[in-house]
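A.B. asks: Below is structure39.cif; it holds mmCIF, C-alpha atoms and all ligand atoms.
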```cif
data_model
#
loop_
_atom_site.label_atom_id
_atom_site.label_comp_id
_atom_site.auth_asym_id
_atom_site.auth_seq_id
_atom_site.Cartn_x
_atom_site.Cartn_y
_atom_site.Cartn_z
CA MET N 6 -0.84 32.07 25.20
CA ALA N 7 -1.23 28.28 25.11
CA ILE N 8 -1.23 25.31 22.75
CA VAL N 9 -3.96 22.73 22.16
CA ILE N 10 -3.42 19.43 20.38
CA ILE N 11 -6.38 18.12 18.43
CA ARG N 12 -6.24 14.70 16.79
CA GLN N 13 -8.54 11.71 17.02
CA ASP N 14 -6.01 8.88 17.01
CA ASN N 15 -4.00 7.43 19.89
CA LYS N 16 -1.00 9.73 19.40
CA ILE N 17 -2.28 12.75 21.31
CA ASP N 18 -0.44 11.88 24.56
CA SER N 19 2.88 11.30 22.78
CA TRP N 20 2.68 14.75 21.14
CA LYS N 21 1.69 16.40 24.41
CA LYS N 22 4.45 14.69 26.39
CA ALA N 23 7.11 15.58 23.84
CA LEU N 24 5.92 19.20 23.53
CA LYS N 25 5.96 19.59 27.32
CA ALA N 26 9.45 18.09 27.55
CA ASN N 27 10.72 20.59 24.97
CA ALA N 28 8.81 23.60 26.34
CA PRO N 29 8.09 23.13 30.06
CA ASP N 30 6.93 26.76 30.45
CA ILE N 31 4.24 26.70 27.77
CA PRO N 32 0.75 25.53 28.79
CA ILE N 33 -0.08 22.59 26.52
CA TYR N 34 -3.44 20.81 26.48
CA SER N 35 -5.14 17.91 24.79
CA TYR N 36 -8.50 19.04 23.38
CA LEU N 37 -10.06 16.18 25.33
CA GLU N 38 -9.22 17.62 28.73
CA GLU N 39 -10.64 20.66 30.50
CA HIS N 40 -8.72 23.67 29.15
CA PRO N 41 -9.06 27.46 29.05
CA LYS N 42 -10.31 28.04 25.49
CA GLU N 43 -9.62 31.78 25.48
CA GLU N 44 -5.89 31.20 26.18
CA ILE N 45 -5.29 28.99 23.16
CA THR N 46 -3.31 30.73 20.41
CA LEU N 47 -1.86 27.72 18.57
CA ALA N 48 -3.86 24.62 17.62
CA CYS N 49 -1.78 21.63 16.46
CA VAL N 50 -4.14 19.45 14.47
CA TRP N 51 -4.40 16.22 12.53
CA LYS N 52 -7.83 15.28 11.16
CA GLN N 53 -9.59 17.36 13.79
CA PRO N 54 -13.28 16.76 14.49
CA PHE N 55 -15.26 19.24 12.37
CA ASP N 56 -16.23 22.36 14.33
CA SER N 57 -13.55 21.80 16.99
CA LEU N 58 -11.55 24.86 15.90
CA THR N 59 -14.43 27.28 16.39
CA GLN N 60 -14.11 27.14 20.19
CA TYR N 61 -10.98 29.27 20.45
CA PRO N 62 -11.71 33.01 20.29
CA ASN N 63 -8.00 34.02 20.37
CA LEU N 64 -6.62 31.38 17.98
CA LYS N 65 -3.74 32.80 15.91
CA CYS N 66 -2.48 29.78 13.99
CA ILE N 67 -3.59 26.30 12.95
CA ALA N 68 -0.60 23.98 12.55
CA SER N 69 -1.10 20.75 10.61
CA LEU N 70 0.84 17.93 12.25
CA GLY N 71 1.50 16.51 8.78
CA ALA N 72 2.58 17.79 5.38
CA GLY N 73 -0.95 17.83 4.01
CA VAL N 74 -3.62 20.39 4.93
CA ASP N 75 -6.56 19.14 2.85
CA PHE N 76 -8.30 17.86 6.00
CA ILE N 77 -8.25 21.41 7.42
CA PHE N 78 -9.86 22.93 4.32
CA LYS N 79 -12.48 20.18 4.30
CA ASP N 80 -13.81 21.49 7.60
CA GLN N 81 -16.09 24.36 6.52
CA SER N 82 -16.13 25.77 10.05
CA VAL N 83 -12.38 26.57 10.10
CA PRO N 84 -12.09 30.35 10.56
CA GLU N 85 -11.01 31.98 7.28
CA ASN N 86 -8.61 34.58 8.61
CA ILE N 87 -6.35 32.31 10.67
CA PRO N 88 -2.97 31.35 9.17
CA ILE N 89 -2.32 27.67 8.54
CA THR N 90 1.11 26.04 8.68
CA ARG N 91 2.23 22.55 7.80
CA VAL N 92 5.14 20.18 8.35
CA VAL N 93 8.14 20.55 6.08
CA ASP N 94 10.74 18.26 7.55
CA PRO N 95 13.81 16.45 6.24
CA VAL N 96 12.93 13.27 8.15
CA LEU N 97 9.43 13.21 6.61
CA ALA N 98 11.00 13.70 3.18
CA SER N 99 13.66 11.01 3.51
CA ASP N 100 11.11 8.56 4.98
CA MET N 101 8.83 9.17 1.99
CA SER N 102 11.69 8.76 -0.41
CA GLU N 103 12.74 5.43 1.14
CA PHE N 104 9.17 4.18 1.00
CA VAL N 105 8.65 5.04 -2.65
CA LEU N 106 12.03 3.56 -3.54
CA ALA N 107 11.00 0.34 -1.78
CA LEU N 108 7.70 0.26 -3.71
CA ILE N 109 9.48 0.87 -7.01
CA LEU N 110 12.10 -1.83 -6.43
CA ASN N 111 9.50 -4.26 -5.13
CA TYR N 112 7.45 -3.83 -8.30
CA PHE N 113 10.46 -3.69 -10.53
CA LYS N 114 12.11 -6.85 -9.27
CA ASN N 115 8.77 -8.76 -9.14
CA LEU N 116 9.22 -9.48 -5.43
CA ASN N 117 5.48 -9.66 -4.69
CA ASN N 118 4.90 -12.06 -7.57
CA TYR N 119 7.73 -14.31 -6.43
CA ARG N 120 6.34 -14.33 -2.89
CA THR N 121 2.92 -15.36 -4.23
CA ASP N 122 4.59 -18.03 -6.37
CA GLN N 123 6.53 -19.24 -3.34
CA MET N 124 3.28 -19.82 -1.43
CA LYS N 125 2.15 -22.03 -4.33
CA LYS N 126 5.62 -23.66 -4.80
CA VAL N 127 5.78 -22.24 -8.32
CA TRP N 128 9.19 -21.69 -10.02
CA TYR N 129 8.54 -19.08 -12.71
CA PRO N 130 11.23 -16.51 -13.63
CA GLN N 131 9.61 -13.33 -15.01
CA GLU N 132 10.87 -10.77 -17.52
CA TYR N 133 13.91 -9.03 -16.04
CA LYS N 134 13.63 -5.24 -15.61
CA ARG N 135 16.56 -2.89 -15.16
CA ILE N 136 16.74 0.62 -13.72
CA SER N 137 18.11 1.78 -17.07
CA ASP N 138 14.88 0.62 -18.78
CA VAL N 139 12.57 3.15 -17.10
CA THR N 140 11.92 6.81 -16.39
CA VAL N 141 10.23 7.78 -13.15
CA GLY N 142 7.82 10.73 -13.40
CA ILE N 143 7.05 12.57 -10.18
CA MET N 144 3.86 14.65 -10.05
CA GLY N 145 4.52 17.35 -7.44
CA MET N 146 8.08 18.61 -7.06
CA GLY N 147 7.71 20.13 -3.60
CA ALA N 148 9.44 19.20 -0.36
CA LEU N 149 8.78 15.48 -0.82
CA GLY N 150 8.98 15.21 -4.61
CA GLU N 151 12.33 16.96 -4.79
CA LYS N 152 13.94 14.71 -2.15
CA LEU N 153 12.56 11.63 -3.92
CA ALA N 154 14.01 12.86 -7.21
CA GLU N 155 17.44 13.35 -5.63
CA ASP N 156 17.45 9.86 -4.11
CA LEU N 157 16.23 8.19 -7.30
CA ILE N 158 19.01 9.89 -9.23
CA LYS N 159 21.54 8.60 -6.68
CA ASN N 160 20.13 5.16 -7.47
CA ARG N 161 20.72 5.75 -11.21
CA PHE N 162 17.07 6.26 -12.21
CA GLU N 163 16.17 8.68 -14.94
CA VAL N 164 13.77 11.14 -13.29
CA ILE N 165 11.38 13.77 -14.62
CA GLY N 166 8.98 15.96 -12.68
CA TRP N 167 5.80 18.01 -13.00
CA ALA N 168 4.83 21.11 -11.00
CA THR N 169 3.05 24.42 -11.50
CA SER N 170 6.25 26.48 -11.54
CA PRO N 171 9.75 26.03 -13.04
CA LYS N 172 12.33 24.25 -10.89
CA ASN N 173 16.06 24.01 -10.99
CA ILE N 174 16.82 20.52 -9.71
CA PRO N 175 20.07 19.11 -11.07
CA GLY N 176 19.48 16.13 -13.36
CA VAL N 177 15.69 16.48 -13.41
CA GLU N 178 13.64 17.89 -16.26
CA VAL N 179 10.60 19.48 -14.66
CA TYR N 180 7.53 20.07 -16.82
CA ASN N 181 5.01 22.76 -15.93
CA GLY N 182 1.27 23.05 -15.95
CA ASP N 183 -1.41 21.60 -18.21
CA LYS N 184 0.46 22.52 -21.38
CA GLU N 185 3.38 20.18 -20.63
CA LYS N 186 1.46 17.53 -18.74
CA ASN N 187 1.01 15.07 -21.61
CA THR N 188 4.67 15.25 -22.63
CA PHE N 189 5.59 14.51 -19.02
CA LEU N 190 3.14 11.61 -18.86
CA SER N 191 4.26 10.11 -22.16
CA ARG N 192 7.75 9.63 -20.66
CA SER N 193 6.70 8.25 -17.24
CA ASN N 194 7.05 4.45 -17.01
CA ILE N 195 6.60 4.74 -13.27
CA LEU N 196 4.32 7.58 -12.17
CA VAL N 197 4.51 8.77 -8.56
CA CYS N 198 1.83 11.14 -7.25
CA LEU N 199 3.12 13.53 -4.60
CA LEU N 200 0.70 16.37 -5.21
CA PRO N 201 -1.29 18.15 -2.51
CA LEU N 202 -5.03 17.49 -2.68
CA THR N 203 -6.64 20.69 -3.97
CA ARG N 204 -9.54 21.69 -6.22
CA GLU N 205 -7.21 21.39 -9.23
CA THR N 206 -5.72 18.01 -8.34
CA THR N 207 -8.79 16.13 -7.10
CA GLY N 208 -9.41 13.15 -9.39
CA ILE N 209 -6.30 13.91 -11.46
CA LEU N 210 -5.33 10.22 -11.62
CA ASN N 211 -8.11 9.30 -14.03
CA ASN N 212 -8.56 7.42 -17.32
CA LYS N 213 -7.66 10.51 -19.38
CA LEU N 214 -4.30 10.64 -17.61
CA PHE N 215 -3.70 6.87 -17.66
CA LYS N 216 -4.25 6.88 -21.44
CA GLU N 217 -1.27 9.23 -21.85
CA LEU N 218 1.13 6.96 -19.96
CA PRO N 219 3.30 4.48 -21.88
CA LYS N 220 1.87 0.97 -22.04
CA GLN N 221 2.70 -1.14 -18.96
CA SER N 222 3.36 1.84 -16.71
CA TYR N 223 3.14 1.48 -12.95
CA VAL N 224 1.26 4.04 -10.84
CA ILE N 225 2.18 4.92 -7.26
CA ASN N 226 -0.13 7.12 -5.20
CA VAL N 227 1.35 8.19 -1.87
CA ALA N 228 -0.37 11.58 -1.79
CA ARG N 229 -4.13 11.40 -1.10
CA GLY N 230 -6.94 9.00 -2.02
CA GLY N 231 -8.87 11.91 -3.52
CA HIS N 232 -6.34 12.18 -6.36
CA LEU N 233 -7.40 8.81 -7.74
CA VAL N 234 -10.53 7.76 -9.59
CA ASP N 235 -10.62 4.18 -8.32
CA GLU N 236 -12.78 2.75 -11.12
CA ASP N 237 -10.54 4.28 -13.79
CA LEU N 238 -7.46 2.68 -12.25
CA LEU N 239 -9.17 -0.71 -12.16
CA GLU N 240 -10.27 -0.28 -15.78
CA TYR N 241 -6.75 0.59 -16.98
CA ILE N 242 -5.09 -2.24 -15.03
CA ASN N 243 -7.72 -4.76 -16.14
CA ASN N 244 -7.48 -3.74 -19.81
CA GLY N 245 -3.71 -4.31 -19.65
CA HIS N 246 -2.63 -0.71 -20.27
CA LEU N 247 -1.18 -0.34 -16.76
CA ALA N 248 1.08 -2.96 -15.17
CA GLY N 249 -0.29 -2.28 -11.70
CA ALA N 250 -0.29 0.18 -8.83
CA GLY N 251 1.10 0.81 -5.38
CA LEU N 252 -1.42 2.71 -3.23
CA ASP N 253 -0.85 4.08 0.26
CA VAL N 254 -3.83 6.45 0.48
CA PHE N 255 -7.55 6.01 -0.12
CA HIS N 256 -10.82 7.93 -0.35
CA GLU N 257 -11.96 6.23 2.80
CA GLU N 258 -9.40 5.22 5.44
CA PRO N 259 -9.32 2.50 6.65
CA LEU N 260 -10.18 1.09 3.22
CA SER N 261 -13.57 -0.63 3.28
CA VAL N 262 -13.25 -4.44 3.40
CA GLU N 263 -15.52 -4.64 0.34
CA HIS N 264 -13.16 -2.57 -1.82
CA PRO N 265 -11.82 -4.44 -4.89
CA PHE N 266 -8.29 -3.06 -4.30
CA TRP N 267 -7.76 -5.49 -1.39
CA THR N 268 -7.76 -8.60 -3.52
CA HIS N 269 -6.49 -7.29 -6.85
CA PRO N 270 -3.30 -9.20 -7.76
CA LYS N 271 -1.74 -6.15 -9.43
CA ILE N 272 -2.50 -3.65 -6.70
CA HIS N 273 -0.21 -3.34 -3.70
CA ILE N 274 -1.85 -1.51 -0.83
CA THR N 275 -0.37 -0.11 2.39
CA PRO N 276 -2.29 1.64 5.22
CA HIS N 277 -1.23 5.32 4.83
CA VAL N 278 2.25 4.74 6.22
CA ALA N 279 4.49 6.00 3.41
CA SER N 280 5.83 8.70 5.69
CA VAL N 281 4.73 9.54 9.21
CA SER N 282 5.56 12.80 11.05
CA ASP N 283 8.46 12.19 13.41
CA ILE N 284 7.46 13.88 16.67
CA GLU N 285 10.96 14.82 17.84
CA SER N 286 11.85 16.26 14.48
CA VAL N 287 8.62 18.26 14.08
CA ILE N 288 8.38 19.76 17.58
CA PRO N 289 11.14 22.37 17.12
CA GLN N 290 9.29 23.83 14.13
CA LEU N 291 6.01 24.03 16.09
CA LEU N 292 7.78 25.81 18.94
CA GLU N 293 9.64 28.09 16.54
CA ASN N 294 6.29 29.20 15.10
CA TYR N 295 4.82 29.58 18.59
CA GLY N 296 7.69 31.98 19.34
CA ARG N 297 7.11 33.78 16.05
CA LEU N 298 3.43 34.24 16.91
CA LYS N 299 4.45 35.78 20.20
CA GLU N 300 6.90 38.16 18.49
CA GLY N 301 4.50 38.95 15.63
CA LEU N 302 6.98 37.55 13.07
CA PRO N 303 5.97 35.83 9.80
CA LEU N 304 5.31 32.11 10.28
CA ASN N 305 7.47 29.39 8.74
CA ASN N 306 5.92 26.82 6.37
CA ALA N 307 2.76 28.86 5.93
CA VAL N 308 0.10 27.48 3.59
CA ASN N 309 -1.18 29.59 0.73
CA ARG N 310 -4.94 29.57 1.26
CA GLU N 311 -5.63 30.64 -2.32
CA LYS N 312 -3.69 27.69 -3.73
CA GLY N 313 -4.86 25.31 -1.01
CA TYR N 314 -1.36 23.98 -0.21
P1 LIG N 401 4.52 20.68 -1.35
O1 LIG N 401 3.46 21.69 -1.16
O2 LIG N 401 5.90 20.98 -0.86
O3 LIG N 401 4.65 20.32 -2.90
C1 LIG N 401 3.56 20.20 -3.73
C2 LIG N 401 4.03 20.16 -5.18
O4 LIG N 401 2.91 19.93 -6.02
C3 LIG N 401 4.67 21.47 -5.65
O5 LIG N 401 5.77 21.19 -6.46
C4 LIG N 401 3.57 22.12 -6.47
O6 LIG N 401 4.03 22.93 -7.52
C5 LIG N 401 2.89 20.89 -7.06
N1 LIG N 401 1.51 21.18 -7.45
C6 LIG N 401 0.49 21.61 -6.66
N2 LIG N 401 -0.63 21.76 -7.39
C7 LIG N 401 -0.30 21.42 -8.67
C8 LIG N 401 -1.02 21.39 -9.89
N3 LIG N 401 -2.31 21.73 -9.96
N4 LIG N 401 -0.36 21.01 -11.01
C9 LIG N 401 0.95 20.68 -10.96
N5 LIG N 401 1.70 20.69 -9.83
C10 LIG N 401 1.07 21.04 -8.70
O7 LIG N 401 3.98 19.32 -0.69
P2 LIG N 401 4.83 18.13 -0.04
O8 LIG N 401 5.83 17.69 -1.04
O9 LIG N 401 5.31 18.51 1.30
O10 LIG N 401 3.68 17.04 0.15
C11 LIG N 401 2.90 16.55 -0.92
C12 LIG N 401 1.72 15.74 -0.40
O11 LIG N 401 2.15 14.45 0.04
C13 LIG N 401 1.01 16.30 0.83
O12 LIG N 401 0.10 17.32 0.46
C14 LIG N 401 0.30 15.07 1.39
O13 LIG N 401 -1.01 15.00 0.87
C15 LIG N 401 1.12 13.90 0.89
N6 LIG N 401 1.75 13.16 1.98
C16 LIG N 401 1.45 11.83 2.14
C17 LIG N 401 2.04 11.08 3.14
C18 LIG N 401 1.79 9.63 3.28
O14 LIG N 401 2.20 9.03 4.28
N7 LIG N 401 1.14 8.98 2.35
C19 LIG N 401 2.99 11.71 4.08
C20 LIG N 401 3.27 13.08 3.81
C21 LIG N 401 2.65 13.78 2.80
P3 LIG N 401 4.81 24.30 -7.22
O15 LIG N 401 6.13 23.87 -6.59
O16 LIG N 401 5.02 24.89 -8.55
O17 LIG N 401 3.95 25.07 -6.28
C1 LIG N 402 0.92 13.95 5.83
C2 LIG N 402 0.48 12.56 5.90
O1 LIG N 402 0.29 14.73 5.12
O2 LIG N 402 0.91 11.84 6.81
O3 LIG N 402 1.91 14.28 6.50
O4 LIG N 402 -0.28 12.10 5.04
#
```
For the file at hand, write its structure as structure tokens.
C.D. replies:
Amino acid sequence: MAIVIIRQDNKIDSWKKALKANAPDIPIYSYLEEHPKEEITLACVWKQPFDSLTQYPNLKCIASLGAGVDFIFKDQSVPENIPITRVVDPVLASDMSEFVLALILNYFKNLNNYRTDQMKKVWYPQEYKRISDVTVGIMGMGALGEKLAEDLIKNRFEVIGWATSPKNIPGVEVYNGDKEKNTFLSRSNILVCLLPLTRETTGILNNKLFKELPKQSYVINVARGGHLVDEDLLEYINNGHLAGAGLDVFHEEPLSVEHPFWTHPKIHITPHVASVSDIESVIPQLLENYGRLKEGLPLNNAVNREKGY
């Protein structure tokens, strides 16, 4: 049994070093080095090159090194019978929550506008907004959405949520499914997307949805670029229905230099950094699942292939 790490960015050595430090007896390889393919049972992946997972005849588990797994399903060559796991981690959740809180307060207190004014030496106080004036609607009440809801409540925000199944989260009214979607939207002055990217949720942030939001709502997408119909967002910001948007994720990453989002005064973009897997915090769960594979026990944080998340 052995582990291979497959990712195309510059973090492969950090993951390998940390895994080796925590499990000196387990053979751990980067996919870029010579390695015995038939020994690999666990592949730890992040945006793997397509077809790379077909080389391992004894693969027993594909572990996403992030919370999302959409990039695994996008690769048509991924063997259908192999379980997939993902990261569910309190550090990832609190990092996401801090980031969204920062985006909300930044928008809310007009900090970007004042910074732009400062560059032009303009003194122009804007309409004052208070936490008590708005309701934050969170689409996706999973590991990340729930933590965000808790932290927003601690900061005195009114919070509502939307998911496929009922939830019991103190202080949060959670709406379910298509039937309750428009009621949820009609109350969301700040809409945060924390949905997984699946067949059902692709393109969900579109003009039909924006129309249901109260006038001057603010949209935050920290989930996946594929949730958003870019032209529809531009239309609804430019026609004045939406106040603006904070976007961390894009259809194409890095975002093309030609994309109109870069220069739009009401769109705040960040380079997919809302929350980044913390290596030290994630490694114990990878090793726990490696042990479970060995013992033939059910895996933690397994993805439901039918649902796609
Ligand atoms: P979870 O799987 O824990 O939660 C997903 C939530 O979405 C669940 O509440 C689920 O409902 C709900 N949901 C799924 N499909 C639908 C649907 N069709 N209609 C309504 N609700 C739906 O995911 P996480 O919270 O761990 O992560 C969410 C996403 O955040 C990830 O998939 C990833 O894409 C993104 N992400 C982005 C990062 C960044 O840096 N920008 C970092 C980390 C993650 P139910 O509970 O009923 O199943
Ligand atoms: C994730 C991400 O899914 O970083 O963890 O986007």
A.B. asks: Neighbourhood query: residues within 12 Å of (-9.4, 12.4, -14.8), file coordinates, counting only C-alpha atoms; return as a PyMOL selection string.
C.D. replies: chain N and resi 205-217+231-238
A.B. asks: Which one of N:Lys152, N:Arg204, N:Arg12, N:His40 sits closest to Gln53 (chain N) if you count only C-alpha atoms?
C.D. replies: N:Arg12
A.B. asks: Report the centre and edge lengths, in Å to one decimal, of an axis-aligned box enclosing every atom of ligand LIG 401 (chain N) listed in the file, padded by 6 Å on each side, as JSON.
C.D. replies:
```
{"center_x": 1.9, "center_y": 17.0, "center_z": -3.4, "size_x": 20.4, "size_y": 28.1, "size_z": 27.3}
```
A.B. asks: As a quick test: using only C-alpha atoms and all ligand atoms, which residues lie no more than 7 Å away from ligand LIG 402 (chain N)? Give them as an MDAnalysis selection string.
C.D. replies: chainID N and resid 70:74 92 228 277 280:282
A.B. asks: Which is closer to ligand LIG 401 (chain N) than all the others in N:Lys21, N:Arg120, N:Arg310, N:Lys65, using all atoms listed in the file?
C.D. replies: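 Answer, going by the shortest atom-to-atom distance: N:Arg310.
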A.B. asks: Determine the nearest neighbour of Val139 (chain N) from the options N:Glu85, N:Leu116, N:Cys66, N:Gln221, counting only C-alpha atoms.
C.D. replies: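 Checking each of N:Glu85, N:Leu116, N:Cys66, N:Gln221 against Val139 (chain N), counting only C-alpha atoms, the winner is N:Gln221.
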A.B. asks: Would you mind telling me which residue in N:Gln290, N:Thr46, N:Ser69, N:Asn118 lies nearest to ligand LIG 401 (chain N) when using all atoms listed in the file?
C.D. replies: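 Smallest separation from ligand LIG 401 (chain N) among the options: N:Ser69.
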A.B. asks: May I have the residues within 6 Å of ligand LIG 401 (chain N), computed using only C-alpha atoms and all ligand atoms, as a PyMOL selection string?
C.D. replies: chain N and resi 72-73+93+145-150+167-170+182+199-202+205-206+227-229+253-254+277-281+314
A.B. asks: Fewer than 5 positions away in the same chain doesn't count, so skip those; otherwise give me all residues within 9 Å of Pro303 (chain N), counting all atoms listed in the file, as an NGL selection string.
C.D. replies: :N and (294 or 297-298)
A.B. asks: Between CA of His256 (chain N) and CA of Asp14 (chain N), what distance in Å does the model show, to one decimal?
C.D. replies: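 Going from CA of His256 (chain N) over to CA of Asp14 (chain N), I get 18.0 Å.
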A.B. asks: Some atoms are absent from region 233-246 of chain N, so rebuild N, CA, C and O atoms and return them as a CSV table (one decimal), in the coordinates of the input.
C.D. replies:
```
chain,number,residue,atom,x,y,z
N,233,LEU,N,-7.2,10.0,-6.9
N,233,LEU,CA,-7.4,8.8,-7.7
N,233,LEU,C,-8.9,8.6,-8.0
N,233,LEU,O,-9.7,8.6,-7.1
N,234,VAL,N,-9.2,8.3,-9.3
N,234,VAL,CA,-10.5,7.8,-9.6
N,234,VAL,C,-10.4,6.2,-9.6
N,234,VAL,O,-9.8,5.7,-10.5
N,235,ASP,N,-10.9,5.6,-8.5
N,235,ASP,CA,-10.6,4.2,-8.3
N,235,ASP,C,-11.1,3.3,-9.5
N,235,ASP,O,-10.3,2.4,-10.0
N,236,GLU,N,-12.3,3.6,-10.0
N,236,GLU,CA,-12.8,2.8,-11.1
N,236,GLU,C,-11.9,2.9,-12.4
N,236,GLU,O,-11.7,1.9,-13.1
N,237,ASP,N,-11.4,4.1,-12.6
N,237,ASP,CA,-10.5,4.3,-13.8
N,237,ASP,C,-9.2,3.5,-13.7
N,237,ASP,O,-8.7,2.9,-14.6
N,238,LEU,N,-8.7,3.4,-12.4
N,238,LEU,CA,-7.5,2.7,-12.2
N,238,LEU,C,-7.7,1.2,-12.5
N,238,LEU,O,-7.0,0.5,-13.2
N,239,LEU,N,-8.8,0.7,-12.0
N,239,LEU,CA,-9.2,-0.7,-12.2
N,239,LEU,C,-9.4,-1.0,-13.7
N,239,LEU,O,-8.8,-2.0,-14.2
N,240,GLU,N,-10.0,-0.1,-14.3
N,240,GLU,CA,-10.3,-0.3,-15.8
N,240,GLU,C,-8.9,-0.4,-16.5
N,240,GLU,O,-8.7,-1.3,-17.3
N,241,TYR,N,-8.0,0.5,-16.2
N,241,TYR,CA,-6.8,0.6,-17.0
N,241,TYR,C,-5.8,-0.5,-16.6
N,241,TYR,O,-4.9,-0.8,-17.3
N,242,ILE,N,-5.9,-1.1,-15.4
N,242,ILE,CA,-5.1,-2.2,-15.0
N,242,ILE,C,-5.7,-3.5,-15.7
N,242,ILE,O,-5.0,-4.3,-16.3
N,243,ASN,N,-7.1,-3.6,-15.6
N,243,ASN,CA,-7.7,-4.8,-16.1
N,243,ASN,C,-7.7,-4.8,-17.7
N,243,ASN,O,-7.7,-5.9,-18.2
N,244,ASN,N,-7.6,-3.7,-18.3
N,244,ASN,CA,-7.5,-3.7,-19.8
N,244,ASN,C,-6.0,-3.9,-20.3
N,244,ASN,O,-5.7,-3.9,-21.5
N,245,GLY,N,-5.1,-4.0,-19.3
N,245,GLY,CA,-3.7,-4.3,-19.6
N,245,GLY,C,-2.9,-3.1,-20.0
N,245,GLY,O,-1.7,-3.2,-20.2
N,246,HIS,N,-3.4,-1.9,-19.9
N,246,HIS,CA,-2.6,-0.7,-20.3
N,246,HIS,C,-1.6,-0.4,-19.1
N,246,HIS,O,-0.5,-0.1,-19.4
```
